[in-house]
file query06.pdb (PDB, C-alpha atoms and all ligand atoms)
ATOM      1  CA  MET A   1     -17.433  21.589   7.309
ATOM      2  CA  SER A   2     -16.235  18.077   7.912
ATOM      3  CA  GLU A   3     -17.828  14.705   7.333
ATOM      4  CA  ARG A   4     -16.782  11.528   8.949
ATOM      5  CA  ALA A   5     -16.233   8.911   6.321
ATOM      6  CA  ALA A   6     -17.534   5.420   6.856
ATOM      7  CA  SER A   7     -14.117   4.026   7.702
ATOM      8  CA  GLY A   8     -14.396   5.890  10.995
ATOM      9  CA  GLU A   9     -12.280   8.550  12.546
ATOM     10  CA  ARG A  10      -9.285   8.308  10.263
ATOM     11  CA  VAL A  11     -10.721   9.559   6.942
ATOM     12  CA  ARG A  12     -12.711  12.747   6.534
ATOM     13  CA  LEU A  13     -14.145  14.828   3.725
ATOM     14  CA  ILE A  14     -13.860  18.578   4.015
ATOM     15  CA  LYS A  15     -15.293  21.231   1.738
ATOM     16  CA  GLY A  16     -12.979  24.207   1.369
ATOM     17  CA  ASP A  17      -9.567  25.647   0.721
ATOM     18  CA  ILE A  18      -6.601  23.411   1.549
ATOM     19  CA  THR A  19      -4.301  26.406   2.125
ATOM     20  CA  LYS A  20      -6.247  27.307   5.300
ATOM     21  CA  LEU A  21      -5.752  23.997   7.090
ATOM     22  CA  ALA A  22      -3.653  23.695  10.241
ATOM     23  CA  VAL A  23      -2.414  20.136   9.725
ATOM     24  CA  ALA A  24       1.052  18.586   9.781
ATOM     25  CA  ALA A  25       1.175  18.565   5.978
ATOM     26  CA  ILE A  26      -0.965  19.538   3.021
ATOM     27  CA  VAL A  27      -0.405  17.771  -0.285
ATOM     28  CA  ASN A  28       0.179  19.876  -3.375
ATOM     29  CA  ALA A  29      -0.926  18.773  -6.853
ATOM     30  CA  ALA A  30       2.252  20.112  -8.424
ATOM     31  CA  ASN A  31       3.714  19.851 -11.901
ATOM     32  CA  SER A  32       6.982  18.055 -12.527
ATOM     33  CA  SER A  33       9.081  21.230 -12.403
ATOM     34  CA  LEU A  34       7.876  21.863  -8.802
ATOM     35  CA  LEU A  35       8.186  25.546  -9.650
ATOM     36  CA  GLY A  36       4.541  26.481  -9.228
ATOM     37  CA  GLY A  37       1.545  26.598 -11.525
ATOM     38  CA  GLY A  38      -2.177  27.282 -11.501
ATOM     39  CA  GLY A  39      -5.001  25.784  -9.449
ATOM     40  CA  VAL A  40      -4.185  24.452  -6.013
ATOM     41  CA  ASP A  41      -0.444  24.705  -6.741
ATOM     42  CA  GLY A  42      -0.692  28.467  -7.346
ATOM     43  CA  ALA A  43      -2.864  28.919  -4.249
ATOM     44  CA  ILE A  44      -0.365  27.020  -2.059
ATOM     45  CA  HIS A  45       2.608  29.014  -3.355
ATOM     46  CA  ARG A  46       0.759  32.323  -2.842
ATOM     47  CA  ALA A  47      -0.175  31.418   0.717
ATOM     48  CA  ALA A  48       3.230  29.948   1.629
ATOM     49  CA  GLY A  49       5.262  32.867   0.253
ATOM     50  CA  PRO A  50       8.438  32.998  -1.851
ATOM     51  CA  GLU A  51      10.442  30.827   0.549
ATOM     52  CA  LEU A  52       8.492  27.817  -0.692
ATOM     53  CA  LEU A  53       9.551  28.400  -4.294
ATOM     54  CA  ALA A  54      13.150  28.863  -3.128
ATOM     55  CA  GLU A  55      13.118  25.465  -1.414
ATOM     56  CA  CYS A  56      11.378  23.840  -4.400
ATOM     57  CA  ARG A  57      14.145  25.121  -6.678
ATOM     58  CA  THR A  58      16.658  23.036  -4.727
ATOM     59  CA  LEU A  59      14.740  19.794  -5.410
ATOM     60  CA  GLY A  60      15.322  19.474  -9.152
ATOM     61  CA  GLY A  61      11.757  18.522 -10.052
ATOM     62  CA  CYS A  62       9.734  15.370  -9.429
ATOM     63  CA  PRO A  63       8.482  12.679 -11.842
ATOM     64  CA  PRO A  64       4.751  11.863 -12.068
ATOM     65  CA  GLY A  65       3.657   9.469  -9.311
ATOM     66  CA  GLU A  66       6.423  10.490  -6.886
ATOM     67  CA  ALA A  67       6.374  12.985  -4.010
ATOM     68  CA  ARG A  68       8.758  15.439  -2.337
ATOM     69  CA  LEU A  69       8.656  17.144   1.061
ATOM     70  CA  THR A  70       9.216  20.807   1.907
ATOM     71  CA  ARG A  71       8.416  23.075   4.812
ATOM     72  CA  GLY A  72       5.171  25.056   4.823
ATOM     73  CA  TYR A  73       6.597  28.541   5.539
ATOM     74  CA  ARG A  74       3.680  31.019   5.874
ATOM     75  CA  LEU A  75       1.026  28.309   5.669
ATOM     76  CA  ARG A  76      -0.716  27.100   8.808
ATOM     77  CA  ALA A  77       0.444  23.631   7.759
ATOM     78  CA  ALA A  78       4.000  22.899   8.864
ATOM     79  CA  HIS A  79       4.894  21.007   5.669
ATOM     80  CA  VAL A  80       3.930  20.554   2.048
ATOM     81  CA  ILE A  81       4.126  17.192   0.291
ATOM     82  CA  HIS A  82       4.392  17.919  -3.435
ATOM     83  CA  THR A  83       3.207  15.182  -5.751
ATOM     84  CA  VAL A  84       2.850  15.157  -9.518
ATOM     85  CA  GLY A  85      -0.292  13.641 -10.979
ATOM     86  CA  PRO A  86      -0.790  12.173 -14.448
ATOM     87  CA  VAL A  87      -2.043  14.309 -17.304
ATOM     88  CA  TRP A  88      -5.235  12.536 -18.473
ATOM     89  CA  GLU A  89      -4.736  11.190 -21.972
ATOM     90  CA  GLY A  90      -7.878   9.066 -22.190
ATOM     91  CA  GLY A  91      -6.958   6.345 -19.681
ATOM     92  CA  GLY A  92      -4.519   4.242 -21.696
ATOM     93  CA  ALA A  93      -1.307   5.855 -20.461
ATOM     94  CA  ARG A  94      -1.165   4.312 -16.957
ATOM     95  CA  GLU A  95      -2.947   7.366 -15.543
ATOM     96  CA  SER A  96      -4.713   5.340 -12.811
ATOM     97  CA  GLN A  97      -1.495   3.670 -11.672
ATOM     98  CA  ILE A  98       0.325   7.002 -11.587
ATOM     99  CA  LEU A  99      -2.483   8.611  -9.590
ATOM    100  CA  GLU A 100      -2.504   5.732  -7.103
ATOM    101  CA  SER A 101       1.263   6.092  -6.801
ATOM    102  CA  CYS A 102       0.835   9.812  -5.958
ATOM    103  CA  TYR A 103      -1.313   8.858  -2.964
ATOM    104  CA  ARG A 104       0.969   6.004  -1.904
ATOM    105  CA  SER A 105       4.153   8.099  -2.174
ATOM    106  CA  SER A 106       2.611  10.960  -0.201
ATOM    107  CA  LEU A 107       1.374   8.594   2.508
ATOM    108  CA  GLU A 108       4.830   6.982   2.737
ATOM    109  CA  ILE A 109       6.332  10.409   3.492
ATOM    110  CA  ALA A 110       3.655  11.049   6.121
ATOM    111  CA  LYS A 111       4.425   7.652   7.665
ATOM    112  CA  ARG A 112       8.184   8.247   7.674
ATOM    113  CA  GLU A 113       7.773  11.699   9.227
ATOM    114  CA  ARG A 114       5.075  10.559  11.633
ATOM    115  CA  PHE A 115       2.694  13.297  10.533
ATOM    116  CA  ARG A 116      -0.455  13.111  12.620
ATOM    117  CA  GLU A 117      -2.832  14.598  10.065
ATOM    118  CA  ILE A 118      -2.460  15.296   6.338
ATOM    119  CA  ALA A 119      -4.820  16.791   3.755
ATOM    120  CA  PHE A 120      -5.080  15.888   0.069
ATOM    121  CA  PRO A 121      -6.660  17.903  -2.726
ATOM    122  CA  ALA A 122      -8.279  15.971  -5.592
ATOM    123  CA  ILE A 123      -4.986  15.395  -7.408
ATOM    124  CA  ALA A 124      -5.045  15.605 -11.228
ATOM    125  CA  THR A 125      -8.780  16.388 -11.455
ATOM    126  CA  GLY A 126      -8.371  20.061 -12.405
ATOM    127  CA  VAL A 127      -6.208  21.195 -15.317
ATOM    128  CA  TYR A 128      -4.824  17.643 -15.701
ATOM    129  CA  GLY A 129      -8.335  16.414 -16.549
ATOM    130  CA  PHE A 130      -8.585  13.099 -14.654
ATOM    131  CA  PRO A 131     -12.290  12.116 -14.319
ATOM    132  CA  LYS A 132     -13.396  13.108 -10.824
ATOM    133  CA  GLU A 133     -15.332  10.013  -9.765
ATOM    134  CA  GLU A 134     -12.664   7.548 -10.814
ATOM    135  CA  ALA A 135     -10.029   9.751  -9.156
ATOM    136  CA  ALA A 136     -12.026   9.776  -5.901
ATOM    137  CA  ARG A 137     -12.297   5.969  -5.954
ATOM    138  CA  ILE A 138      -8.546   5.613  -6.486
ATOM    139  CA  ALA A 139      -7.777   8.139  -3.735
ATOM    140  CA  LEU A 140     -10.051   6.468  -1.221
ATOM    141  CA  ALA A 141      -8.800   2.946  -1.983
ATOM    142  CA  ALA A 142      -5.136   3.993  -1.713
ATOM    143  CA  VAL A 143      -5.700   5.796   1.579
ATOM    144  CA  ARG A 144      -7.745   2.986   3.105
ATOM    145  CA  SER A 145      -5.195   0.394   2.108
ATOM    146  CA  HIS A 146      -2.403   2.438   3.711
ATOM    147  CA  LEU A 147      -4.360   3.133   6.905
ATOM    148  CA  ALA A 148      -5.294  -0.522   7.272
ATOM    149  CA  ARG A 149      -1.581  -1.388   7.537
ATOM    150  CA  GLU A 150      -0.003   1.688   9.078
ATOM    151  CA  GLU A 151      -0.313   3.775  12.201
ATOM    152  CA  TRP A 152       0.856   7.032  10.549
ATOM    153  CA  PRO A 153      -0.632   9.352   9.506
ATOM    154  CA  ARG A 154      -3.345   9.092  12.142
ATOM    155  CA  ARG A 155      -5.851  10.951   9.986
ATOM    156  CA  VAL A 156      -6.364  11.881   6.334
ATOM    157  CA  LEU A 157      -8.554  14.742   5.112
ATOM    158  CA  PHE A 158      -9.854  14.860   1.552
ATOM    159  CA  THR A 159     -10.269  18.534   0.766
ATOM    160  CA  CYS A 160     -12.985  19.157  -1.801
ATOM    161  CA  PHE A 161     -12.811  22.603  -3.332
ATOM    162  CA  ASP A 162     -16.150  22.421  -5.141
ATOM    163  CA  GLU A 163     -19.512  20.622  -4.924
ATOM    164  CA  GLU A 164     -18.696  18.356  -7.852
ATOM    165  CA  THR A 165     -15.587  17.036  -6.113
ATOM    166  CA  LEU A 166     -17.432  16.604  -2.813
ATOM    167  CA  SER A 167     -20.141  14.625  -4.543
ATOM    168  CA  ALA A 168     -17.550  12.419  -6.289
ATOM    169  CA  TYR A 169     -16.019  11.542  -2.901
ATOM    170  CA  ARG A 170     -19.420  10.926  -1.332
ATOM    171  CA  GLN A 171     -20.212   8.559  -4.156
ATOM    172  CA  ALA A 172     -16.865   6.772  -3.775
ATOM    173  CA  LEU A 173     -17.516   6.362  -0.049
ATOM    174  CA  ALA A 174     -21.000   5.033  -0.661
ATOM    175  CA  GLY A 175     -19.778   2.557  -3.262
ATOM    176  CA  ALA A 176     -16.684   1.322  -1.479
ATOM    177  CA  PRO A 177     -16.777  -1.825   0.632
ATOM    178  CA  GLN A 178     -16.515  -1.072   4.343
ATOM    179  CA  PRO A 179     -13.394  -2.246   6.141
ATOM    180  CA  PRO A 180     -14.011  -4.737   8.976
TER     181      PRO A 180
HETATM  182  P1  LIG A 201      -4.066  19.257 -11.440
HETATM  183  O1  LIG A 201      -3.141  20.039 -12.337
HETATM  184  O2  LIG A 201      -3.355  18.148 -10.683
HETATM  185  O3  LIG A 201      -5.294  18.803 -12.144
HETATM  186  P2  LIG A 201      -5.493  21.505 -10.187
HETATM  187  O4  LIG A 201      -4.951  22.426  -9.168
HETATM  188  O5  LIG A 201      -5.826  22.071 -11.525
HETATM  189  O6  LIG A 201      -4.443  20.292 -10.287
HETATM  190  O7  LIG A 201      -6.788  20.795  -9.621
HETATM  191  C1  LIG A 201      -6.777  19.786  -8.641
HETATM  192  C2  LIG A 201      -7.971  19.952  -7.724
HETATM  193  O8  LIG A 201      -7.668  20.968  -6.753
HETATM  194  C3  LIG A 201      -9.260  20.406  -8.402
HETATM  195  O9  LIG A 201     -10.332  19.641  -7.863
HETATM  196  C4  LIG A 201      -9.382  21.865  -7.977
HETATM  197  O10 LIG A 201     -10.734  22.285  -7.923
HETATM  198  C5  LIG A 201      -8.796  21.802  -6.590
HETATM  199  N1  LIG A 201      -8.363  23.058  -5.980
HETATM  200  C6  LIG A 201      -8.038  24.228  -6.562
HETATM  201  N2  LIG A 201      -7.699  25.146  -5.632
HETATM  202  C7  LIG A 201      -7.820  24.531  -4.420
HETATM  203  C8  LIG A 201      -7.634  24.925  -3.062
HETATM  204  N3  LIG A 201      -7.232  26.164  -2.734
HETATM  205  N4  LIG A 201      -7.868  24.009  -2.076
HETATM  206  C9  LIG A 201      -8.259  22.758  -2.382
HETATM  207  N5  LIG A 201      -8.440  22.311  -3.630
HETATM  208  C10 LIG A 201      -8.243  23.185  -4.642
END
call {"tool": "encode", "arguments": {"input": "query06.pdb", "output": "structure tokens"}}
result
Amino acid sequence: MSERAASGERVRLIKGDITKLAVAAIVNAANSSLLGGGGVDGAIHRAAGPELLAECRTLGGCPPGEARLTRGYRLRAAHVIHTVGPVWEGGGARESQILESCYRSSLEIAKRERFREIAFPAIATGVYGFPKEEAARIALAAVRSHLAREEWPRRVLFTCFDEETLSAYRQALAGAPQPP
């Protein structure tokens, strides 16, 4: 299922499993070790196979708000962009800025690599506990601001694993000002 977001062809909401998508890159909500974990991270590593962990071991981790690129191995996606979200500590520990930086850093890699289409999960909204609606607003604003300036990636998919996440994105889209 795919919905066209109000900003037109370049942003879409999808309900489903990010590991199934045949895009240039899927984004992983990793932890700073980059050595795998639960949630979407575990699902991506299971689907990609052990070669992904082997490549991640060579990277030496990643600080919150930054992103690293690997190949996709057994995934249908050719690449994985691993980014590390903030652990929610109540909102006073720069969580919003770190989350925004996750989206910006991932989009910068997609721009540099000229990836046509990339897919994000709802970074930090699972085990890391970031409130879903605020996270959706931050994600949408960061993506729109990048796409307004840049040609690459051509398209961004927000992959919503559950109804609650989908509804948070729908609300963010409804509340956000439309670009000209
Ligand atoms: P974090 O540790 O950054 O909070 P989680 O993996 O716990 O990461 O959760 C991030 C989001 O990813 C949550 O909305 C969760 O429901 C979602 N998620 C979990 N598995 C998948 C999947 N296979 N595809 C897409 N999203 C997923």
call {"tool": "residues_around", "arguments": {"input": "query06.pdb", "residues": "range 146-158 of chain A", "least_positions_apart": "5", "cutoff": "7 Å", "atoms": "all atoms listed in the file", "output": "JSON, numbers by chain"}}
result
{"A": [10, 11, 12, 13, 14, 110, 111, 114, 115, 116, 117, 118, 119, 120, 121]}
call {"tool": "closest_residue", "arguments": {"input": "query06.pdb", "among": "A:Leu53, A:Ile81, A:Ala172, A:Ala124", "to": "ligand LIG 201 (chain A)", "atoms": "all atoms listed in the file"}}
result
A:Ala124
call {"tool": "residues_near_point", "arguments": {"input": "query06.pdb", "point": "(7.1, 21.3, 2.3)", "cutoff": "7 Å", "atoms": "only C-alpha atoms", "output": "CSV table (one decimal) with C-alpha atoms, keeping the file's coordinate frame"}}
result
chain,number,residue,atom,x,y,z
A,69,LEU,CA,8.7,17.1,1.1
A,70,THR,CA,9.2,20.8,1.9
A,71,ARG,CA,8.4,23.1,4.8
A,72,GLY,CA,5.2,25.1,4.8
A,79,HIS,CA,4.9,21.0,5.7
A,80,VAL,CA,3.9,20.6,2.0
A,81,ILE,CA,4.1,17.2,0.3
call {"tool": "residues_near_ligand", "arguments": {"input": "query06.pdb", "ligand": "ligand LIG 201 (chain A)", "cutoff": "9 Å", "atoms": "only C-alpha atoms and all ligand atoms", "output": "PyMOL selection string"}}
result
chain A and resi 15-20+28-31+37-44+83-88+120-130+132+158-162+164-165
call {"tool": "atom_distance", "arguments": {"input": "query06.pdb", "atom1": "CA of Glu163 in chain A", "atom2": "CA of Glu133 in chain A"}}
result
12.4 Å
call {"tool": "atom_distance", "arguments": {"input": "query06.pdb", "atom1": "CA of Glu51 in chain A", "atom2": "CA of Tyr73 in chain A"}}
result
6.7 Å
call {"tool": "atom_distance", "arguments": {"input": "query06.pdb", "atom1": "CA of Ala24 in chain A", "atom2": "CA of Pro131 in chain A"}}
result
28.3 Å
call {"tool": "residues_near_point", "arguments": {"input": "query06.pdb", "point": "(5.8, 10.3, -6.0)", "cutoff": "8 Å", "atoms": "only C-alpha atoms", "output": "tab-separated table (two decimals) with C-alpha atoms, in the frame of the given file"}}
result
chain	number	residue	atom	x	y	z
A	62	CYS	CA	9.73	15.37	-9.43
A	63	PRO	CA	8.48	12.68	-11.84
A	64	PRO	CA	4.75	11.86	-12.07
A	65	GLY	CA	3.66	9.47	-9.31
A	66	GLU	CA	6.42	10.49	-6.89
A	67	ALA	CA	6.37	12.98	-4.01
A	68	ARG	CA	8.76	15.44	-2.34
A	83	THR	CA	3.21	15.18	-5.75
A	84	VAL	CA	2.85	15.16	-9.52
A	101	SER	CA	1.26	6.09	-6.80
A	102	CYS	CA	0.84	9.81	-5.96
A	103	TYR	CA	-1.31	8.86	-2.96
A	104	ARG	CA	0.97	6.00	-1.90
A	105	SER	CA	4.15	8.10	-2.17
A	106	SER	CA	2.61	10.96	-0.20
call {"tool": "closest_residue", "arguments": {"input": "query06.pdb", "among": "A:Ala139, A:Ala25, A:Ala93, A:Leu166", "to": "Arg76 in chain A", "atoms": "only C-alpha atoms"}}
result
A:Ala25
call {"tool": "closest_residue", "arguments": {"input": "query06.pdb", "among": "A:Val143, A:Gln171, A:Ala135, A:Ala48", "to": "Ser96 in chain A", "atoms": "only C-alpha atoms"}}
result
A:Ala135
call {"tool": "closest_residue", "arguments": {"input": "query06.pdb", "among": "A:Arg144, A:Tyr169, A:Ser32, A:Gly91", "to": "Glu9 in chain A", "atoms": "all atoms listed in the file"}}
result
A:Arg144
call {"tool": "closest_residue", "arguments": {"input": "query06.pdb", "among": "A:Leu21, A:Arg137, A:Thr58, A:His82", "to": "Ile109 in chain A", "atoms": "all atoms listed in the file"}}
result
A:His82
